[in-house]
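Printed here is entry-v3.cif (mmCIF, C-alpha atoms):
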```
data_structure
loop_
_atom_site.label_atom_id
_atom_site.label_comp_id
_atom_site.auth_asym_id
_atom_site.auth_seq_id
_atom_site.Cartn_x
_atom_site.Cartn_y
_atom_site.Cartn_z
CA MET B 1225 13.11 105.90 -54.33
CA GLU B 1226 12.28 103.23 -56.88
CA THR B 1227 11.44 103.96 -60.50
CA GLY B 1228 7.77 103.21 -59.89
CA ASP B 1229 7.67 105.78 -57.10
CA TRP B 1230 9.14 108.48 -59.32
CA GLN B 1231 6.59 107.66 -62.00
CA LEU B 1232 3.93 108.07 -59.33
CA VAL B 1233 5.32 111.48 -58.40
CA TRP B 1234 5.43 112.67 -62.01
CA PHE B 1235 1.89 111.42 -62.64
CA THR B 1236 0.62 113.32 -59.60
CA VAL B 1237 2.40 116.52 -60.62
CA TRP B 1238 1.19 116.18 -64.22
CA VAL B 1239 -2.50 115.67 -63.43
CA SER B 1240 -2.37 118.40 -60.76
CA LEU B 1241 -0.92 120.84 -63.28
CA LEU B 1242 -3.43 119.82 -65.93
CA SER B 1243 -6.36 120.27 -63.55
CA THR B 1244 -5.10 123.74 -62.61
CA LEU B 1245 -4.83 124.80 -66.25
CA LEU B 1246 -8.28 123.40 -67.05
CA ILE B 1247 -10.03 125.36 -64.29
CA LEU B 1248 -8.19 128.60 -65.04
CA PRO B 1249 -10.47 130.06 -67.77
CA PHE B 1250 -13.65 129.08 -65.90
CA GLY B 1251 -12.21 130.33 -62.62
CA LEU B 1252 -11.30 133.70 -64.14
CA ALA B 1253 -14.75 134.07 -65.70
CA ILE B 1254 -16.57 133.27 -62.44
CA SER B 1255 -14.18 135.48 -60.45
CA TRP B 1256 -14.78 138.44 -62.76
CA LEU B 1257 -18.55 138.00 -62.63
CA LEU B 1258 -18.53 137.80 -58.82
CA ALA B 1259 -16.18 140.76 -58.46
CA ARG B 1260 -17.59 143.13 -61.09
CA ARG B 1261 -21.26 142.31 -61.62
CA LYS B 1262 -24.43 142.33 -59.53
CA TRP B 1263 -27.02 139.82 -60.68
CA GLN B 1264 -29.84 137.71 -59.36
CA GLY B 1265 -28.65 134.43 -57.90
CA LYS B 1266 -25.11 135.68 -57.28
CA SER B 1267 -25.15 134.51 -53.64
CA ILE B 1268 -26.24 131.03 -54.75
CA VAL B 1269 -23.35 130.79 -57.20
CA GLU B 1270 -20.93 132.01 -54.50
CA THR B 1271 -22.20 129.29 -52.18
CA LEU B 1272 -22.02 126.56 -54.82
CA VAL B 1273 -18.45 127.52 -55.75
CA SER B 1274 -17.36 127.18 -52.13
CA MET B 1275 -19.29 124.01 -51.32
CA SER B 1276 -16.48 121.56 -52.04
CA LEU B 1277 -14.36 123.27 -49.37
CA PHE B 1278 -16.82 122.32 -46.66
CA MET B 1279 -18.43 119.10 -47.85
CA PRO B 1280 -16.73 115.78 -47.03
CA PRO B 1281 -14.47 115.03 -50.03
CA VAL B 1282 -15.98 111.54 -50.34
CA ALA B 1283 -19.43 113.14 -50.63
CA THR B 1284 -18.17 115.34 -53.45
CA GLY B 1285 -16.62 112.24 -55.00
CA LEU B 1286 -19.92 110.39 -54.80
CA ILE B 1287 -21.70 113.23 -56.61
CA LEU B 1288 -19.03 113.18 -59.31
CA LEU B 1289 -19.29 109.42 -59.57
CA LYS B 1290 -23.02 109.67 -60.25
CA LEU B 1291 -22.55 112.47 -62.77
CA LEU B 1292 -19.54 111.08 -64.62
CA GLY B 1293 -20.39 107.37 -64.66
CA ARG B 1294 -21.73 105.68 -67.80
CA ARG B 1295 -25.27 106.15 -66.55
CA GLY B 1296 -24.63 109.67 -65.32
CA LEU B 1297 -25.80 112.86 -66.99
CA ILE B 1298 -22.33 113.93 -68.11
CA GLY B 1299 -20.58 110.58 -68.27
CA GLY B 1300 -23.38 109.00 -70.27
CA PHE B 1301 -23.29 111.79 -72.83
CA LEU B 1302 -19.50 111.58 -73.22
CA HIS B 1303 -19.59 107.78 -73.52
CA ASP B 1304 -22.41 107.69 -76.06
CA ARG B 1305 -21.20 110.55 -78.23
CA PHE B 1306 -17.42 110.28 -77.97
CA ASP B 1307 -16.82 106.82 -76.48
CA LEU B 1308 -15.01 108.58 -73.64
CA GLU B 1309 -14.66 107.03 -70.19
CA ILE B 1310 -14.15 109.25 -67.15
CA VAL B 1311 -14.68 107.09 -64.07
CA PHE B 1312 -11.71 104.90 -62.99
CA THR B 1313 -9.35 106.54 -65.50
CA TRP B 1314 -6.81 109.36 -65.24
CA ARG B 1315 -9.57 111.67 -66.45
CA GLY B 1316 -11.46 110.88 -63.27
CA VAL B 1317 -8.41 111.93 -61.25
CA VAL B 1318 -8.27 115.24 -63.12
CA ALA B 1319 -12.02 115.80 -62.68
CA ALA B 1320 -11.81 115.27 -58.91
CA MET B 1321 -8.83 117.59 -58.63
CA CYS B 1322 -10.59 120.27 -60.69
CA VAL B 1323 -13.64 120.30 -58.46
CA MET B 1324 -11.71 120.25 -55.19
CA SER B 1325 -9.22 122.98 -56.14
CA PHE B 1326 -11.61 125.29 -58.02
CA PRO B 1327 -12.77 127.31 -54.96
CA LEU B 1328 -9.22 128.26 -53.98
CA LEU B 1329 -8.50 129.66 -57.43
CA VAL B 1330 -11.78 131.59 -57.52
CA ARG B 1331 -11.29 133.11 -54.07
CA SER B 1332 -7.80 134.38 -54.82
CA ALA B 1333 -8.65 135.59 -58.31
CA ARG B 1334 -11.81 137.33 -57.12
CA MET B 1335 -9.94 139.20 -54.38
CA ALA B 1336 -7.27 140.20 -56.88
CA ILE B 1337 -9.84 141.52 -59.36
CA GLU B 1338 -11.69 143.39 -56.61
CA GLY B 1339 -8.36 145.03 -55.74
CA VAL B 1340 -8.10 146.60 -59.20
CA ASN B 1341 -9.34 150.19 -59.20
CA PRO B 1342 -12.59 150.23 -61.25
CA ARG B 1343 -11.83 153.80 -62.36
CA LEU B 1344 -8.92 152.53 -64.44
CA GLU B 1345 -11.26 150.16 -66.26
CA GLN B 1346 -13.82 152.93 -66.72
CA ILE B 1347 -11.21 155.26 -68.22
CA ALA B 1348 -10.25 152.57 -70.73
CA ARG B 1349 -13.91 152.15 -71.71
CA THR B 1350 -14.35 155.88 -72.26
CA LEU B 1351 -11.41 155.67 -74.69
CA GLY B 1352 -13.28 153.08 -76.70
CA ALA B 1353 -12.02 149.77 -75.29
CA GLY B 1354 -14.52 146.94 -75.02
CA ASN B 1355 -14.98 144.73 -71.98
CA TRP B 1356 -12.70 141.99 -73.31
CA ARG B 1357 -9.90 144.44 -74.13
CA VAL B 1358 -10.28 146.13 -70.75
CA PHE B 1359 -10.02 142.77 -69.01
CA CYS B 1360 -6.94 141.71 -70.99
CA THR B 1361 -5.03 145.01 -70.85
CA ILE B 1362 -6.08 146.48 -67.49
CA THR B 1363 -7.72 143.99 -65.13
CA LEU B 1364 -5.68 140.88 -65.87
CA PRO B 1365 -2.20 142.49 -65.63
CA LEU B 1366 -3.04 144.34 -62.40
CA ALA B 1367 -4.61 141.24 -60.82
CA SER B 1368 -1.97 138.84 -62.14
CA ARG B 1369 -0.17 138.29 -58.81
CA GLY B 1370 -3.36 137.26 -57.05
CA ILE B 1371 -4.33 135.02 -59.95
CA VAL B 1372 -0.92 133.30 -60.01
CA SER B 1373 -1.12 132.87 -56.24
CA GLY B 1374 -4.55 131.26 -56.62
CA MET B 1375 -3.22 128.93 -59.31
CA LEU B 1376 -0.41 127.79 -57.02
CA LEU B 1377 -2.84 127.18 -54.15
CA ALA B 1378 -5.13 125.23 -56.48
CA PHE B 1379 -2.14 123.18 -57.64
CA ALA B 1380 -1.15 122.46 -54.03
CA ARG B 1381 -4.71 121.41 -53.22
CA ALA B 1382 -4.79 119.11 -56.22
CA LEU B 1383 -1.51 117.48 -55.14
CA GLY B 1384 -3.05 116.46 -51.84
CA GLU B 1385 -6.48 115.42 -53.08
CA PHE B 1386 -7.64 112.04 -51.75
CA GLY B 1387 -11.31 111.57 -50.87
CA ALA B 1388 -13.00 112.58 -54.11
CA THR B 1389 -10.29 110.95 -56.21
CA ILE B 1390 -10.62 107.52 -54.64
CA MET B 1391 -14.38 107.63 -55.23
CA VAL B 1392 -14.21 108.71 -58.87
CA ALA B 1393 -10.98 107.11 -60.07
CA GLY B 1394 -10.19 104.40 -57.53
CA ASN B 1395 -6.60 103.50 -56.73
CA ILE B 1396 -5.35 101.60 -59.76
CA PRO B 1397 -1.52 101.32 -59.76
CA GLY B 1398 -0.02 102.80 -62.90
CA ARG B 1399 -3.34 104.30 -63.99
CA THR B 1400 -5.03 106.39 -61.31
CA SER B 1401 -2.82 106.11 -58.25
CA THR B 1402 -1.56 109.46 -56.90
CA LEU B 1403 0.79 110.31 -54.05
CA SER B 1404 -2.03 110.56 -51.51
CA LEU B 1405 -3.59 107.28 -52.59
CA ALA B 1406 -0.22 105.52 -52.63
CA ILE B 1407 0.58 106.75 -49.11
CA PHE B 1408 -2.76 105.43 -47.86
CA GLN B 1409 -2.27 102.07 -49.57
CA SER B 1410 1.29 101.71 -48.27
CA VAL B 1411 0.12 102.28 -44.69
CA GLN B 1412 -2.73 99.82 -45.15
CA ILE B 1413 -0.44 97.00 -46.24
CA GLY B 1414 2.29 97.79 -43.71
CA HIS B 1415 4.87 99.37 -46.03
CA ASP B 1416 5.56 102.24 -43.66
CA ASP B 1417 9.01 103.02 -45.11
CA ARG B 1418 7.54 103.66 -48.54
CA ALA B 1419 4.72 105.69 -47.04
CA ILE B 1420 7.24 107.92 -45.23
CA ARG B 1421 9.27 108.44 -48.41
CA LEU B 1422 6.19 109.40 -50.40
CA LEU B 1423 5.02 111.61 -47.55
CA GLY B 1424 8.34 113.46 -47.66
CA VAL B 1425 7.98 114.11 -51.39
CA SER B 1426 4.38 115.23 -50.91
CA LEU B 1427 5.40 117.67 -48.16
CA ILE B 1428 8.19 119.14 -50.29
CA LEU B 1429 5.89 119.69 -53.27
CA ALA B 1430 3.10 121.20 -51.17
CA PHE B 1431 5.52 123.44 -49.25
CA ALA B 1432 7.11 124.67 -52.47
CA ALA B 1433 3.73 125.53 -54.02
CA VAL B 1434 2.32 127.30 -50.94
CA TRP B 1435 5.58 129.15 -50.20
CA THR B 1436 5.77 130.36 -53.80
CA SER B 1437 2.16 131.53 -53.58
CA GLU B 1438 2.95 133.54 -50.45
CA TRP B 1439 6.12 134.92 -52.05
CA VAL B 1440 4.18 136.10 -55.10
CA MET B 1441 1.68 137.92 -52.88
CA ARG B 1442 4.40 139.50 -50.73
CA ARG B 1443 6.10 140.86 -53.85
CA GLY B 1444 2.84 142.54 -54.81
CA LYS B 1445 2.82 144.51 -51.54
CA HIS B 1446 6.23 146.15 -52.11
#
```
Would you put the structure from the file into structure tokens?
Amino acid sequence: METGDWQLVWFTVWVSLLSTLLILPFGLAISWLLARRKWQGKSIVETLVSMSLFMPPVATGLILLKLLGRRGLIGGFLHDRFDLEIVFTWRGVVAAMCVMSFPLLVRSARMAIEGVNPRLEQIARTLGAGNWRVFCTITLPLASRGIVSGMLLAFARALGEFGATIMVAGNIPGRTSTLSLAIFQSVQIGHDDRAIRLLGVSLILAFAAVWTSEWVMRRGKH
């Protein structure tokens, strides 16, 4: 592959990894609340978290475009206060990936936390440990395999993100173009050879992430 193609691959991997790390603390917090607490409106939050899995990605992208644009609620605030642009920048790519991969992380992490015996947490509390210490020393270590698996699935989902990304960030070569966008563009202009090469790289990365996720979960069953 050409140098530009490798740069494209590294950019895609970098923003996918960044998006996964950014959603991790929020994903863990939501997962813990859904797994360990009963509260009014819980079913609504559960539904909202999963929405991006079932909505058309371009619809999710349109919502993000309206929110993150200069006239949007979030984008306007960031532009006016910090002179920060989101739409049609690499930040827009990361934002789209975060939203689209978030449900996969939450689902895996929630199941992992629900699999931790609550009695172990209760015993720690009776010995004087607070909720934060219980989470860090009991819940998190015991649920770590499921959480890591969810992170890998979220990373794989981010690698393949297309619809929301093209709405929020466009397809600007060298700035916002990812593997998925480059494959689409190559097919559109008749560069099928390049599209096949990029497709091969995309398949290898996705397979590696999903296989590793399954391997982590299988290890936890032995």
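Distance annotation: of B:Ile1287, B:Ala1320, B:Met1225, B:Leu1248, the residue with the minimal separation from Gly1424 (chain B) is B:Met1225; atom set is all atoms listed in the file.
Residues of protein, DNA or RNA having at least one counted atom within 12 Å of (-3.6, 142.0, -65.1), given only C-alpha atoms, are Leu1252, Trp1256, Ala1333, Ala1336, Ile1337, Glu1338, Gly1339, Val1340, Asn1341, Leu1344, Glu1345, Arg1357, Val1358, Phe1359, Cys1360, Thr1361, Ile1362, Thr1363, Leu1364, Pro1365, Leu1366, Ala1367, Ser1368, Arg1369, Gly1370, Ile1371 and Val1372 of chain B.
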Edge lengths and centre in Å, axis-aligned, region 1382-1396 of chain B plus 8 Å each side, as JSON:
```
{"center_x": -7.9, "center_y": 110.4, "center_z": -55.5, "size_x": 28.9, "size_y": 33.5, "size_z": 25.2}
```
- Item | Among listed residues B:Leu1292, B:Leu1245, B:Ile1420, B:Met1321, nearest Phe1386 (chain B) (using all atoms listed in the file) | B:Met1321
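If you look at CA of Met1335 (chain B) and CA of Val1239 (chain B), they are 26.3 Å away from each other.
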Would you mind listing, for every residue of region 1331-1397 of chain B within 9 Å of region 1272-1280 of chain B, the two atoms forming the shortest contact and the distance between them in Å to one decimal, using all atoms listed in the file, sorted by chain and ascending residue number, as a Markdown table?
```
| residue | atom | partner | partner_atom | distance |
| --- | --- | --- | --- | --- |
| B:Arg1331 | CA | B:Ser1274 | CA | 8.7 |
| B:Gly1387 | CA | B:Pro1280 | CA | 7.9 |
| B:Ala1388 | CA | B:Pro1280 | CA | 8.6 |
```
Is there a way to get, as a PDB file with C-alpha atoms, in the coordinates of the input, all residues within 8 Å of the point (-12.4, 109.1, -59.2) in file coordinates, counting all atoms listed in the file?
```
ATOM      1  CA  GLY B1285     -16.620 112.240 -55.000  1.00  0.00           C
ATOM      2  CA  LEU B1288     -19.030 113.180 -59.310  1.00  0.00           C
ATOM      3  CA  LEU B1289     -19.290 109.420 -59.570  1.00  0.00           C
ATOM      4  CA  VAL B1311     -14.680 107.090 -64.070  1.00  0.00           C
ATOM      5  CA  PHE B1312     -11.710 104.900 -62.990  1.00  0.00           C
ATOM      6  CA  THR B1313      -9.350 106.540 -65.500  1.00  0.00           C
ATOM      7  CA  GLY B1316     -11.460 110.880 -63.270  1.00  0.00           C
ATOM      8  CA  VAL B1317      -8.410 111.930 -61.250  1.00  0.00           C
ATOM      9  CA  ALA B1319     -12.020 115.800 -62.680  1.00  0.00           C
ATOM     10  CA  ALA B1320     -11.810 115.270 -58.910  1.00  0.00           C
ATOM     11  CA  ALA B1388     -13.000 112.580 -54.110  1.00  0.00           C
ATOM     12  CA  THR B1389     -10.290 110.950 -56.210  1.00  0.00           C
ATOM     13  CA  ILE B1390     -10.620 107.520 -54.640  1.00  0.00           C
ATOM     14  CA  MET B1391     -14.380 107.630 -55.230  1.00  0.00           C
ATOM     15  CA  VAL B1392     -14.210 108.710 -58.870  1.00  0.00           C
ATOM     16  CA  ALA B1393     -10.980 107.110 -60.070  1.00  0.00           C
ATOM     17  CA  GLY B1394     -10.190 104.400 -57.530  1.00  0.00           C
TER      18      GLY B1394
END
```
Apply the PyMOL selection byres ((chain B and resi 1326) around 10) to the file shown and report the selected residues as a PDB file with C-alpha atoms, keeping the file's coordinate frame.
```
ATOM      1  CA  SER B1243      -6.360 120.270 -63.550  1.00  0.00           C
ATOM      2  CA  THR B1244      -5.100 123.740 -62.610  1.00  0.00           C
ATOM      3  CA  LEU B1246      -8.280 123.400 -67.050  1.00  0.00           C
ATOM      4  CA  ILE B1247     -10.030 125.360 -64.290  1.00  0.00           C
ATOM      5  CA  LEU B1248      -8.190 128.600 -65.040  1.00  0.00           C
ATOM      6  CA  PHE B1250     -13.650 129.080 -65.900  1.00  0.00           C
ATOM      7  CA  GLY B1251     -12.210 130.330 -62.620  1.00  0.00           C
ATOM      8  CA  VAL B1273     -18.450 127.520 -55.750  1.00  0.00           C
ATOM      9  CA  SER B1274     -17.360 127.180 -52.130  1.00  0.00           C
ATOM     10  CA  SER B1276     -16.480 121.560 -52.040  1.00  0.00           C
ATOM     11  CA  LEU B1277     -14.360 123.270 -49.370  1.00  0.00           C
ATOM     12  CA  MET B1321      -8.830 117.590 -58.630  1.00  0.00           C
ATOM     13  CA  CYS B1322     -10.590 120.270 -60.690  1.00  0.00           C
ATOM     14  CA  VAL B1323     -13.640 120.300 -58.460  1.00  0.00           C
ATOM     15  CA  MET B1324     -11.710 120.250 -55.190  1.00  0.00           C
ATOM     16  CA  SER B1325      -9.220 122.980 -56.140  1.00  0.00           C
ATOM     17  CA  PRO B1327     -12.770 127.310 -54.960  1.00  0.00           C
ATOM     18  CA  LEU B1328      -9.220 128.260 -53.980  1.00  0.00           C
ATOM     19  CA  LEU B1329      -8.500 129.660 -57.430  1.00  0.00           C
ATOM     20  CA  VAL B1330     -11.780 131.590 -57.520  1.00  0.00           C
ATOM     21  CA  ARG B1331     -11.290 133.110 -54.070  1.00  0.00           C
ATOM     22  CA  GLY B1374      -4.550 131.260 -56.620  1.00  0.00           C
ATOM     23  CA  MET B1375      -3.220 128.930 -59.310  1.00  0.00           C
ATOM     24  CA  LEU B1377      -2.840 127.180 -54.150  1.00  0.00           C
ATOM     25  CA  ALA B1378      -5.130 125.230 -56.480  1.00  0.00           C
ATOM     26  CA  PHE B1379      -2.140 123.180 -57.640  1.00  0.00           C
ATOM     27  CA  ARG B1381      -4.710 121.410 -53.220  1.00  0.00           C
ATOM     28  CA  ALA B1382      -4.790 119.110 -56.220  1.00  0.00           C
TER      29      ALA B1382
END
```
- Task: Given the file shown, enumerate the residues that the PyMOL selection byres ((chain B and resi 1231) around 12) captures and present them as an MDAnalysis selection string.
- Result: chainID B and resid 1225:1230 1232:1238 1397:1403 1406 1422
Emit the selected residues as a tab-separated table (two decimals), keeping the file's coordinate frame, including C-alpha atoms.
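Written file, out04.tsv:
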```
chain	number	residue	atom	x	y	z
B	1225	MET	CA	13.11	105.90	-54.33
B	1226	GLU	CA	12.28	103.23	-56.88
B	1227	THR	CA	11.44	103.96	-60.50
B	1228	GLY	CA	7.77	103.21	-59.89
B	1229	ASP	CA	7.67	105.78	-57.10
B	1230	TRP	CA	9.14	108.48	-59.32
B	1232	LEU	CA	3.93	108.07	-59.33
B	1233	VAL	CA	5.32	111.48	-58.40
B	1234	TRP	CA	5.43	112.67	-62.01
B	1235	PHE	CA	1.89	111.42	-62.64
B	1236	THR	CA	0.62	113.32	-59.60
B	1237	VAL	CA	2.40	116.52	-60.62
B	1238	TRP	CA	1.19	116.18	-64.22
B	1397	PRO	CA	-1.52	101.32	-59.76
B	1398	GLY	CA	-0.02	102.80	-62.90
B	1399	ARG	CA	-3.34	104.30	-63.99
B	1400	THR	CA	-5.03	106.39	-61.31
B	1401	SER	CA	-2.82	106.11	-58.25
B	1402	THR	CA	-1.56	109.46	-56.90
B	1403	LEU	CA	0.79	110.31	-54.05
B	1406	ALA	CA	-0.22	105.52	-52.63
B	1422	LEU	CA	6.19	109.40	-50.40
```
